[in-house]
Structures are given as C-alpha cells and as structure tokens.
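Asks: For reference, the file entry_5.txt (compact mmCIF, C-alpha atoms) is included below:
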# COMPACT_ATOMS: atom_id res chain seq x y z
CA MET A 1 109.77 132.73 103.51
CA TRP A 2 107.86 130.05 105.33
CA THR A 3 109.38 127.86 108.04
CA ARG A 4 108.83 124.09 107.86
CA ASP A 5 105.96 124.39 110.35
CA GLN A 6 104.40 127.21 108.30
CA GLN A 7 104.73 125.12 105.14
CA ALA A 8 103.00 122.23 106.89
CA ALA A 9 100.27 124.58 108.18
CA ARG A 10 99.75 125.93 104.64
CA ALA A 11 99.44 122.41 103.23
CA ALA A 12 96.98 121.56 106.01
CA LYS A 13 94.61 124.21 104.61
CA GLU A 14 94.05 121.83 101.66
CA LEU A 15 92.48 119.22 103.97
CA GLN A 16 88.73 118.95 103.61
CA ASP A 17 86.17 117.53 106.00
CA GLY A 18 85.81 113.78 105.53
CA PHE A 19 89.08 113.31 103.66
CA TYR A 20 91.11 110.10 103.91
CA VAL A 21 94.75 111.23 103.85
CA ASN A 22 98.17 109.59 103.60
CA LEU A 23 101.09 111.66 104.93
CA GLY A 24 104.61 110.81 103.79
CA ILE A 25 107.63 110.45 106.05
CA GLY A 26 109.54 113.62 107.09
CA MET A 27 108.08 117.13 106.74
CA PRO A 28 104.63 115.85 105.62
CA THR A 29 104.09 114.22 109.04
CA LEU A 30 104.11 117.77 110.52
CA VAL A 31 100.84 118.43 108.67
CA ALA A 32 99.03 116.29 111.28
CA ASN A 33 99.80 119.03 113.86
CA PHE A 34 97.89 121.65 111.85
CA ILE A 35 94.62 119.95 110.92
CA PRO A 36 92.06 122.80 111.11
CA GLU A 37 89.34 122.66 113.77
CA ARG A 38 86.01 121.40 112.45
CA VAL A 39 87.83 119.52 109.68
CA ASP A 40 87.64 115.80 110.33
CA VAL A 41 90.23 113.74 108.46
CA THR A 42 91.19 110.07 108.75
CA LEU A 43 94.92 109.35 108.39
CA GLN A 44 95.95 106.24 106.50
CA SER A 45 99.22 104.47 107.20
CA GLU A 46 100.20 102.22 104.30
CA ASN A 47 101.50 99.43 106.55
CA GLY A 48 97.85 98.62 107.24
CA MET A 49 95.84 101.11 109.29
CA LEU A 50 93.13 103.72 108.86
CA GLY A 51 92.54 106.16 111.72
CA MET A 52 96.07 106.75 112.96
CA GLY A 53 96.23 108.31 116.44
CA PRO A 54 99.00 110.32 118.16
CA PHE A 55 102.20 108.92 119.66
CA PRO A 56 101.59 106.83 122.83
CA PHE A 57 102.42 108.01 126.33
CA ALA A 58 105.78 106.73 127.61
CA GLY A 59 105.37 103.15 128.81
CA GLU A 60 102.35 102.49 126.57
CA GLU A 61 104.25 101.79 123.33
CA ASP A 62 103.03 98.69 121.49
CA PRO A 63 105.52 97.02 119.11
CA ASP A 64 102.55 95.66 117.10
CA LEU A 65 101.29 99.20 116.44
CA ILE A 66 103.52 101.34 114.23
CA ASN A 67 103.12 103.71 111.29
CA ALA A 68 104.87 103.55 107.91
CA GLY A 69 107.84 105.42 109.41
CA LYS A 70 108.12 102.54 111.94
CA GLN A 71 107.21 104.95 114.77
CA THR A 72 105.06 103.78 117.68
CA ILE A 73 101.55 105.27 117.46
CA THR A 74 98.06 104.72 118.92
CA GLU A 75 94.61 103.82 117.64
CA LEU A 76 91.37 105.84 117.70
CA ASP A 77 87.73 104.82 118.02
CA ARG A 78 87.47 104.82 114.20
CA THR A 79 90.59 102.72 113.60
CA SER A 80 90.66 99.68 111.34
CA TYR A 81 93.57 97.35 110.53
CA PHE A 82 94.09 95.44 107.30
CA SER A 83 96.72 93.70 105.16
CA SER A 84 99.22 95.41 102.88
CA ALA A 85 97.21 94.19 99.86
CA ASP A 86 94.05 95.88 101.18
CA SER A 87 96.06 98.97 102.06
CA PHE A 88 97.29 99.39 98.51
CA ALA A 89 93.85 98.55 97.12
CA MET A 90 92.78 101.75 98.89
CA ILE A 91 95.75 103.66 97.52
CA ARG A 92 95.93 102.31 93.96
CA GLY A 93 92.16 102.07 93.66
CA GLY A 94 91.66 105.81 94.15
CA HIS A 95 89.93 105.58 97.53
CA ILE A 96 92.38 107.89 99.32
CA ASP A 97 91.61 111.58 98.75
CA LEU A 98 94.97 113.19 99.33
CA SER A 99 98.63 112.34 99.76
CA ILE A 100 101.22 114.84 100.95
CA LEU A 101 104.81 113.82 100.30
CA GLY A 102 108.31 115.16 99.96
CA ALA A 103 110.33 115.34 96.74
CA MET A 104 113.84 115.90 95.47
CA GLU A 105 112.55 117.26 92.12
CA VAL A 106 109.22 118.13 90.50
CA ALA A 107 108.90 119.01 86.80
CA ASP A 108 106.41 121.52 85.38
CA ASN A 109 104.54 118.62 83.70
CA GLY A 110 103.89 117.11 87.14
CA ASP A 111 106.64 114.48 87.08
CA ILE A 112 108.09 113.74 90.52
CA ALA A 113 111.43 112.23 91.61
CA ASN A 114 111.82 111.34 95.27
CA TRP A 115 113.34 107.88 95.65
CA MET A 116 116.71 107.50 94.00
CA ILE A 117 119.98 109.36 93.40
CA PRO A 118 122.15 107.43 90.91
CA GLY A 119 125.53 106.55 92.40
CA LYS A 120 124.25 106.69 95.95
CA MET A 121 122.89 103.75 97.95
CA VAL A 122 119.23 103.36 97.09
CA LYS A 123 116.96 102.51 99.99
CA GLY A 124 113.92 101.76 97.85
CA MET A 125 110.71 103.46 96.81
CA GLY A 126 108.55 101.93 99.54
CA GLY A 127 104.97 102.94 98.83
CA ALA A 128 105.74 106.22 97.04
CA MET A 129 105.15 104.98 93.47
CA ASP A 130 101.79 103.47 94.41
CA LEU A 131 100.73 106.65 96.24
CA VAL A 132 101.50 109.03 93.36
CA ALA A 133 99.90 106.65 90.84
CA GLY A 134 96.67 106.06 92.75
CA VAL A 135 95.77 108.81 95.21
CA LYS A 136 93.29 111.41 93.90
CA LYS A 137 95.33 114.50 94.78
CA ILE A 138 99.10 114.78 95.27
CA ILE A 139 100.65 117.68 97.18
CA VAL A 140 104.43 117.99 97.40
CA LEU A 141 106.01 119.68 100.43
CA MET A 142 109.61 120.60 99.69
CA GLU A 143 112.26 123.30 99.93
CA HIS A 144 112.10 125.48 96.83
CA ASN A 145 115.84 125.05 96.23
CA ALA A 146 118.36 122.32 96.94
CA LYS A 147 121.31 122.91 99.29
CA ASP A 148 123.47 123.97 96.31
CA GLY A 149 120.84 126.58 95.38
CA SER A 150 119.53 124.74 92.30
CA ALA A 151 115.78 124.88 91.62
CA LYS A 152 113.80 121.77 92.59
CA PHE A 153 110.82 122.77 90.40
CA LYS A 154 112.32 122.10 86.97
CA THR A 155 111.50 121.89 83.28
CA VAL A 156 112.56 118.23 83.34
CA CYS A 157 113.43 115.96 86.28
CA THR A 158 117.05 114.83 86.09
CA LEU A 159 116.64 112.08 88.72
CA PRO A 160 114.84 108.76 88.13
CA LEU A 161 111.08 109.31 88.38
CA THR A 162 108.66 108.14 91.03
CA GLY A 163 105.68 109.01 88.85
CA LYS A 164 104.83 110.80 85.59
CA GLY A 165 102.55 113.82 85.46
CA VAL A 166 101.04 113.15 88.89
CA VAL A 167 101.69 116.25 91.04
CA ASP A 168 98.76 118.67 91.63
CA MET A 169 100.26 121.18 94.05
CA ILE A 170 103.62 122.24 95.47
CA VAL A 171 103.97 123.98 98.81
CA SER A 172 107.56 125.20 99.10
CA ASP A 173 109.15 127.60 101.55
CA LEU A 174 108.65 130.36 98.96
CA ALA A 175 105.29 129.79 97.29
CA VAL A 176 102.29 127.64 96.50
CA LEU A 177 102.02 126.44 92.90
CA ALA A 178 99.03 124.42 91.76
CA ARG A 179 97.11 123.30 88.71
CA PRO A 180 93.40 122.58 88.31
CA ALA A 181 93.88 119.25 86.54
CA LYS A 182 96.61 116.79 85.59
CA GLY A 183 97.97 118.00 82.27
CA ALA A 184 97.25 121.70 82.95
CA PRO A 185 100.12 124.14 83.61
CA PHE A 186 101.05 125.14 87.16
CA LYS A 187 99.89 128.55 88.38
CA LEU A 188 101.18 130.72 91.19
CA ILE A 189 98.59 130.60 93.98
CA GLU A 190 100.36 132.30 96.86
CA LEU A 191 103.71 133.83 97.76
CA ALA A 192 105.33 133.42 101.19
CA PRO A 193 105.84 136.65 103.17
CA GLY A 194 108.81 138.67 101.90
CA ILE A 195 108.88 136.90 98.50
CA ASP A 196 107.88 138.69 95.30
CA LEU A 197 107.32 137.33 91.81
CA ASP A 198 110.77 138.32 90.53
CA MET A 199 112.48 136.62 93.47
CA LEU A 200 110.43 133.50 92.89
CA LYS A 201 111.20 133.43 89.16
CA ALA A 202 114.90 133.88 89.85
CA ARG A 203 114.85 130.79 92.06
CA THR A 204 112.63 128.63 89.81
CA GLU A 205 113.50 126.73 86.64
CA GLY A 206 110.15 125.16 85.74
CA HIS A 207 107.42 127.10 83.96
CA PHE A 208 104.44 128.46 85.88
CA GLU A 209 101.76 131.06 85.17
CA ALA A 210 102.01 134.13 87.38
CA MET B 1 92.50 66.10 110.63
CA ALA B 2 96.14 66.22 109.63
CA ASN B 3 98.29 67.36 112.52
CA LYS B 4 99.65 70.86 111.84
CA LEU B 5 101.20 71.39 115.26
CA TYR B 6 104.97 71.23 115.75
CA PRO B 7 106.94 71.73 118.98
CA ASP B 8 109.18 74.54 117.75
CA ALA B 9 110.62 76.40 114.74
CA LYS B 10 113.32 73.84 114.00
CA ALA B 11 110.84 70.98 113.92
CA ALA B 12 108.38 73.01 111.84
CA LEU B 13 111.02 73.63 109.14
CA ASP B 14 112.36 70.05 109.13
CA GLY B 15 112.59 68.59 105.63
CA LEU B 16 111.52 71.81 103.88
CA LEU B 17 114.84 73.57 103.39
CA PHE B 18 117.28 73.39 100.47
CA ASP B 19 120.00 75.68 99.11
CA GLY B 20 118.81 78.15 96.47
CA MET B 21 115.20 78.09 97.62
CA THR B 22 112.78 81.03 97.65
CA ILE B 23 111.34 82.15 100.97
CA MET B 24 108.64 84.73 101.70
CA SER B 25 109.00 86.35 105.11
CA GLY B 26 106.21 88.46 106.65
CA GLY B 27 106.53 91.77 108.47
CA PHE B 28 106.83 95.51 107.96
CA GLY B 29 110.10 96.77 109.40
CA LEU B 30 110.46 94.63 112.52
CA CYS B 31 106.69 94.62 113.15
CA GLY B 32 105.09 91.23 112.64
CA ILE B 33 108.26 89.39 111.56
CA PRO B 34 108.51 85.62 112.18
CA GLU B 35 111.47 86.05 114.52
CA LYS B 36 111.64 82.41 115.66
CA LEU B 37 111.57 81.02 112.09
CA ILE B 38 114.22 83.49 110.91
CA ALA B 39 116.47 82.38 113.79
CA ALA B 40 115.81 78.74 112.85
CA LEU B 41 116.75 79.44 109.21
CA ARG B 42 120.01 80.95 110.46
CA ASP B 43 120.71 77.90 112.62
CA ALA B 44 119.87 75.53 109.75
CA GLY B 45 122.52 77.24 107.58
CA VAL B 46 120.59 76.91 104.32
CA LYS B 47 122.29 79.08 101.67
CA GLY B 48 121.73 80.96 98.39
CA LEU B 49 118.27 82.09 99.46
CA THR B 50 116.00 84.38 97.50
CA VAL B 51 114.01 86.21 100.17
CA ILE B 52 110.81 88.08 99.37
CA SER B 53 110.14 90.52 102.19
CA ASN B 54 109.09 94.17 102.31
CA ASN B 55 112.23 95.04 104.29
CA ALA B 56 115.53 93.36 105.16
CA GLY B 57 115.56 93.69 108.95
CA VAL B 58 118.19 95.65 110.84
CA ASP B 59 121.79 94.81 111.66
CA GLY B 60 121.70 91.78 113.93
CA PHE B 61 117.93 91.27 114.07
CA GLY B 62 115.24 89.95 111.78
CA LEU B 63 116.51 89.17 108.27
CA GLY B 64 119.68 91.09 109.17
CA GLN B 65 120.79 87.85 110.90
CA LEU B 66 120.66 85.94 107.59
CA LEU B 67 122.63 88.71 105.88
CA GLU B 68 125.38 88.46 108.49
CA THR B 69 125.71 84.74 107.81
CA ARG B 70 125.66 85.35 103.99
CA GLN B 71 122.70 83.00 103.54
CA ILE B 72 120.77 85.44 101.31
CA ALA B 73 121.71 85.69 97.62
CA LYS B 74 118.83 87.91 96.52
CA MET B 75 116.24 90.16 98.15
CA ILE B 76 112.91 91.24 96.61
CA SER B 77 111.81 94.22 98.71
CA SER B 78 110.36 97.73 98.60
CA TYR B 79 112.61 99.41 101.15
CA VAL B 80 115.89 98.32 102.76
CA GLY B 81 117.09 101.52 104.40
CA GLU B 82 117.80 100.37 107.96
CA ASN B 83 120.62 97.92 107.39
CA LYS B 84 124.34 98.73 107.06
CA GLU B 85 125.39 95.12 106.36
CA PHE B 86 122.86 94.99 103.52
CA GLU B 87 124.36 98.14 102.03
CA ARG B 88 127.89 96.79 102.33
CA GLN B 89 127.06 93.46 100.65
CA TYR B 90 125.03 95.14 97.92
CA LEU B 91 127.71 97.70 97.05
CA ALA B 92 130.31 94.89 97.04
CA GLY B 93 128.20 92.97 94.50
CA GLU B 94 127.63 90.08 96.90
CA LEU B 95 123.87 90.51 97.07
CA GLN B 96 121.25 90.86 94.35
CA LEU B 97 118.39 93.25 94.92
CA GLU B 98 115.07 93.70 93.14
CA PHE B 99 113.05 96.71 94.23
CA ASN B 100 109.27 96.54 93.86
CA PRO B 101 106.87 99.35 94.75
CA GLN B 102 105.29 98.30 98.05
CA GLY B 103 101.78 97.96 96.66
CA THR B 104 103.03 96.07 93.62
CA LEU B 105 104.94 93.70 95.91
CA ALA B 106 101.82 93.13 98.04
CA GLU B 107 99.67 92.51 94.97
CA ARG B 108 102.24 90.20 93.31
CA ILE B 109 102.13 88.02 96.43
CA ARG B 110 98.33 88.21 96.65
CA ALA B 111 98.07 87.29 92.96
CA GLY B 112 100.56 84.42 93.27
CA GLY B 113 98.60 82.92 96.13
CA ALA B 114 95.32 83.38 94.27
CA GLY B 115 96.48 81.58 91.13
CA ILE B 116 96.81 84.75 89.06
CA PRO B 117 100.04 84.73 87.03
CA GLY B 118 100.02 88.45 86.21
CA PHE B 119 98.09 91.70 86.45
CA TYR B 120 98.22 95.23 85.04
CA THR B 121 98.92 98.21 87.29
CA LYS B 122 99.56 101.91 86.74
CA THR B 123 102.09 102.00 89.59
CA GLY B 124 105.54 102.68 88.16
CA VAL B 125 104.48 103.63 84.63
CA GLY B 126 107.14 105.95 83.19
CA THR B 127 109.74 104.94 85.78
CA LEU B 128 112.66 102.48 85.95
CA VAL B 129 110.22 99.92 87.37
CA ALA B 130 108.40 99.77 84.00
CA GLU B 131 111.49 99.08 81.90
CA GLY B 132 111.25 95.82 79.97
CA LYS B 133 107.65 95.19 81.04
CA GLU B 134 104.64 94.86 78.76
CA HIS B 135 102.63 98.10 78.48
CA LYS B 136 98.94 98.12 77.70
CA ASP B 137 96.32 100.87 77.37
CA PHE B 138 92.96 100.48 79.06
CA ALA B 139 89.87 102.69 78.83
CA THR B 140 89.08 104.00 82.33
CA ALA B 141 86.63 106.50 83.81
CA SER B 142 89.26 109.23 83.36
CA GLY B 143 90.15 108.30 79.74
CA THR B 144 92.74 105.95 78.30
CA GLU B 145 95.49 105.10 80.73
CA THR B 146 98.67 103.05 80.37
CA TYR B 147 99.33 100.10 82.65
CA ILE B 148 102.25 97.69 83.03
CA LEU B 149 102.20 93.93 83.45
CA GLU B 150 103.45 92.63 86.80
CA THR B 151 103.73 88.93 87.59
CA GLY B 152 102.48 86.94 90.57
CA LEU B 153 104.96 85.63 93.13
CA VAL B 154 105.04 82.29 94.91
CA ALA B 155 107.60 80.79 97.30
CA ASP B 156 108.89 77.35 98.21
CA VAL B 157 108.19 78.20 101.84
CA SER B 158 106.38 81.17 103.41
CA ILE B 159 107.26 82.03 107.00
CA VAL B 160 104.50 83.92 108.73
CA LYS B 161 103.89 85.47 112.16
CA ALA B 162 100.33 85.59 113.52
CA TRP B 163 98.98 86.47 116.96
CA LYS B 164 96.75 83.47 117.63
CA ALA B 165 95.94 80.20 115.90
CA ASP B 166 93.68 77.25 116.56
CA PRO B 167 94.75 73.64 115.82
CA TYR B 168 93.17 73.86 112.34
CA GLY B 169 95.58 76.66 111.41
CA ASN B 170 92.96 79.40 111.43
CA LEU B 171 94.82 82.64 112.16
CA ILE B 172 94.18 86.00 113.76
CA PHE B 173 96.66 88.85 113.46
CA ARG B 174 97.14 91.79 115.83
CA LYS B 175 97.08 95.50 114.84
CA THR B 176 99.68 96.55 112.25
CA SER B 177 101.65 93.33 112.64
CA ARG B 178 99.27 91.87 110.03
CA ASN B 179 100.86 93.69 107.03
CA PHE B 180 102.29 91.18 104.46
CA ASN B 181 101.61 88.06 106.54
CA PRO B 182 98.12 87.11 105.23
CA MET B 183 99.10 87.25 101.54
CA MET B 184 102.34 85.38 102.14
CA ALA B 185 100.38 82.65 103.91
CA THR B 186 98.51 82.09 100.64
CA ALA B 187 101.60 82.15 98.37
CA GLY B 188 103.87 79.54 99.92
CA LYS B 189 103.94 75.98 98.54
CA VAL B 190 104.33 75.24 102.24
CA THR B 191 103.34 77.89 104.79
CA VAL B 192 104.85 77.70 108.27
CA VAL B 193 103.33 79.91 110.94
CA GLU B 194 104.53 80.97 114.38
CA VAL B 195 102.02 82.36 116.87
CA GLU B 196 102.06 83.77 120.37
CA GLU B 197 99.08 81.75 121.50
CA LEU B 198 97.38 78.52 120.47
CA VAL B 199 93.69 78.44 121.37
CA PRO B 200 91.44 75.35 121.53
CA ALA B 201 89.36 74.48 118.47
CA GLY B 202 86.09 76.40 118.44
CA THR B 203 87.45 79.39 120.38
CA PHE B 204 87.49 81.78 117.42
CA ASP B 205 84.29 83.30 116.13
CA PRO B 206 84.44 82.01 112.53
CA ASP B 207 83.48 85.50 111.35
CA HIS B 208 86.63 86.93 112.94
CA ILE B 209 89.25 84.64 111.36
CA HIS B 210 91.69 86.58 109.17
CA THR B 211 93.43 83.65 107.45
CA PRO B 212 91.54 80.35 107.05
CA GLY B 213 93.48 77.23 107.95
CA VAL B 214 93.61 75.89 104.39
CA PHE B 215 96.58 78.21 103.77
CA VAL B 216 98.56 76.91 106.77
CA GLN B 217 100.46 73.60 106.71
CA ARG B 218 102.64 73.86 109.81
CA LEU B 219 102.25 75.72 113.07
CA PHE B 220 103.99 76.22 116.41
CA VAL B 221 103.89 78.50 119.43
CA GLY B 222 106.91 80.79 119.81
CA ARG B 223 108.13 81.81 123.25
CA ASP B 224 109.74 84.97 124.63
CA TYR B 225 109.08 87.29 121.72
CA GLU B 226 111.58 90.12 121.53
CA LYS B 227 109.45 92.41 119.28
CA ARG B 228 112.03 95.15 118.88
CA ILE B 229 110.78 98.69 118.26
CA GLU B 230 112.65 100.61 115.54
CA GLN B 231 111.44 104.16 116.32
CA ARG B 232 110.19 104.59 119.88
CA THR B 233 108.11 107.77 119.71
CA VAL B 234 106.07 109.03 122.68
CA ARG B 235 104.16 112.13 123.74
CA GLN B 236 104.25 113.88 127.11
CA ARG B 237 101.25 113.81 129.43
CA GLU B 238 99.67 117.23 129.83
CA PRO B 239 100.01 118.46 133.43
CA ALA B 240 96.67 118.07 135.28
Here is the file; what I need is its structure written in the form of structure tokens.

Replies:
Amino acid sequence: MWTRDQQAARAAKELQDGFYVNLGIGMPTLVANFIPERVDVTLQSENGMLGMGPFPFAGEEDPDLINAGKQTITELDRTSYFSSADSFAMIRGGHIDLSILGAMEVADNGDIANWMIPGKMVKGMGGAMDLVAGVKKIIVLMEHNAKDGSAKFKTVCTLPLTGKGVVDMIVSDLAVLARPAKGAPFKLIELAPGIDLDMLKARTEGHFEA
Amino acid sequence: MANKLYPDAKAALDGLLFDGMTIMSGGFGLCGIPEKLIAALRDAGVKGLTVISNNAGVDGFGLGQLLETRQIAKMISSYVGENKEFERQYLAGELQLEFNPQGTLAERIRAGGAGIPGFYTKTGVGTLVAEGKEHKDFATASGTETYILETGLVADVSIVKAWKADPYGNLIFRKTSRNFNPMMATAGKVTVVEVEELVPAGTFDPDHIHTPGVFVQRLFVGRDYEKRIEQRTVRQREPA
C-alpha cells in the first residue's frame, strides 16, 4: 500500500515539463512537494493566479494573496494575476494541461462524484465542475476504499455527479488505473507494494482490464 | 465630469437600497471583499436581499454579518463551507440557496455585464446543475459535444473592492483580491466601489487600468481595513 505522500509522489510522475496544472484542495496539494527535478510546471489557482509560490515566511503573509484553499501563499517571477472570468476561461477553454483532484466516487465510465452527499449539508461545488469539464487531463487521488470498506471505483456512481465520463487516471493507495482516451476502459497500470491483482479485484467494484 | 466621489460607505449607498433587491458582492473567501460596504448594508437594515457572491463570508465577518441580522433571503454562490450560521439558516429553511459552478458563476456575471443574456457551457452537463436547462449539441474539434444554456446575471447594485482608483473611477486591483470584482463592476445597474487609496487624475498608466471608469458610478476611500486571513499558512526559514 502507498501512504498519502507516496500517492502524491506517484501522481507527480504524471507532470510533464511545461505543464500548467491545477491542484485540488486536500491530498492533491501534496503533489506540489514531489514535482520532479528538471520538470518545470506552473501551478494555477482558480481564484485568479498562475505561478503559485510556496507558503510565505511567518510575518510575510499577505491577505490579498491566497490560493483557492484560502491559504496564504507567495508569488514567483512568472506569476500573473487575473479575474475569476479569465481564470475559468483558462480552465473551461482547455488551456490547463492537468488537474489533480480528490473524489468520493469514480465510475468505470469516468464519471466522478466529489461535491455532495444527499442528506448532509452541502458546501458547494466551487470550481470542481468547471475543472473536470474543461481541463485536458483529469487525475483523481483518492483512497481505494471508503471508511466502511466499500469500493470507491464503482460500476455506477451513487452520489450526485461532478462530471460525466471525465476521469483519465486514478491513483489510489492500492493501484494506478488509467485509460488512453475518454470513452476507453480503465486498465491496471501499476500495483502498490504488497498488493496483488486478486487483492485489488476483491477491493474494487468497477471494471478494469488487468 | 460627474462627481463619483463620496465621503464614506453610508453616503455612497444613499438612495440606492430597497427591500428585496439583488446585490453582487465581490471577493473570494474573505480576500477582496468590500468590507466597508457590507458593514454599511448591515447598518442600513435593508432586508430580503438576494446576494450574488462566490462565498458567504464567515461567522461574524464579511457577508456573515448580513446573515446574522437575517437580511439575506437568497444566496447565489459556488461554495459556502465556512459559515455555521449559514448552515443553520439553510437547514431551517430560512435561507434560499442556488449553487453555481464557480466558472459558470463568473461567466454569468461577465455575460450579464456585457449584455449577453445567455451562453452555452459544458460545465455541469450530466449533473444536477443541468436539470431543467436547455441542452444543445455543438460540433467541436473533439467531435459533437453537449452544452447547457446558462443565463447572464445583473444586479440592482454591485459592491466592489479595488486597491486604487482615480477620480474618474478607473480601478486597479491587487494580487488575488481581484477575483470576482471586475466582472461585478460591469454587471451592477449601479456599481459602488471602495478603495484603499485614491490617486490624482493622470496617475495611472492608462495601459495598466484593470476596470475603466465607465463601469463605476460611486466611489469612496475606506479606512482601517481589517482584511482577515482565513487560513494562515507559513513555512519555516531554513537555518543558515
């Protein structure tokens, strides 16, 4: 099994030189710690910034400079700022190469659910629906199973969707599943240490090619 | 030139407010919110508001203040997760809520201000957001894709926070506090702007103006900005 950091490091291997990347809130933000050397990526923050830098030193926080998780951050020499409309023109218009986000469920047709549990207070979808609809490649970072043991990679999502048929790759704590194109079936790409195919199948509901 | 300058938030809102009106309020989280104008709305006591804003503030600050006083009847937002009073009023059925995907919300405001009554987007296709909306197929580079019709948004009054203004109402924003403010400035029947600094006419390089003054009707300089930080994150200095 992979730890959260190892999952993030595995997802970071998908970053390519020159990519513009949007990282979701939570585990996906860890990916920024594992960007490979000699791979230059520009991080987009959907509240209106390209070229997101690290957290500021204590005492240098700027309330006018935050990321989409409302955390204080810094700028880089490449940084640009823009409005929310321009930000989502980048996202919806297919100008961002990769988005890595979390999910509650993913179906084997690429459907994703990550914003709403009926009966619980809904906080809102934020930018998630725009990201999955518009970004060129979508990678989901999630635990392979929910706390009750149920599979999160399913034949059909049971929760309200964030997007239909949009997921390209899943990096879970057990395995990497990916497909070459939207519409194609998912294939097993890699197993985490200590996991074999039978174990993976036993903990997976959705269909994938071994 | 018509005078756009007012002494403070109360004066800048004078004569514009009525119960049941629609207000757009700039900001992302607490970053770039018009904190003086929100406080003035609270003090004015105007009720039954529909507020279009990406978020709903936090308990006791930003739009959270107008929730505490029950002045808001409906919110149009993309994310409202930081506010317990919001949750309580919503679950009690006292508050209406319309969720929009963040990019759809931004574009609805941009479109409204640009005189575009509707547009097609692929955001939300196949989700709850698409229910009841017109669907239309378009040929694209990657084949035929389905889009949904979203409508433009306008407001009776837009309240906007900018960094600097000149007396003509030309605006410059600072870092990520820009967010929804420029589009909202275009989509208010009346747009009221608060700034940290008023500069003399001719100070701005015309090439560097973010929002041209035509979109701004009223303007004042706010004092003693609180600018609360929601998530104070820092890194440690490496030992030399």

Asks: Would you mind reading off the distance between atom CA of Lys161 of chain B and atom CA of Lys189 of chain B, one decimal, in Å?

Replies: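 Rounded to one decimal, the two atoms are 16.6 Å apart.
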
Asks: If we count only C-alpha atoms, which residues of chain A reach to within 9 Å of chain B? Please list them as JSON, numbers by chain.

Replies: {"A": [46, 47, 48, 49, 54, 55, 56, 57, 58, 59, 60, 61, 62, 63, 64, 65, 66, 67, 68, 69, 70, 71, 72, 73, 80, 81, 82, 83, 84, 85, 86, 87, 88, 89, 91, 92, 121, 122, 123, 124, 125, 126, 127, 128, 129, 130, 131, 132, 133, 134, 160, 161, 162, 163, 164]}

Asks: Place a sphere of radius 6 Å on (96.2, 109.8, 103.8) in the file coordinates and name every protein, DNA or RNA residue with an atom inside or on its surface, counting only C-alpha atoms; give the answer as a ChimeraX atom specification.

Replies: /A:20-23,43-44,98-99

Asks: Please provide the set of residues having any atom within 8 Å of Asp108 of chain A, restricted to only C-alpha atoms, with same-chain residues fewer than 3 positions apart removed, written as a PyMOL selection string.

Replies: chain A and resi 111+153-156+185-186+206-208

Asks: Could you check which of B:Glu94, B:Glu145, B:Asp166, B:Asp43 is closest to Val221 of chain B, using all atoms listed in the file?

Replies: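 Looking at the shortest contact to Val221 of chain B, the residue is B:Asp166.
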
Asks: Tell me which protein, DNA and RNA residues are within 8 Å of Asp17 of chain A, counting only C-alpha atoms, leaving out same-chain ones fewer than 3 positions away, and put them as a PyMOL selection string.

Replies: chain A and resi 38-41
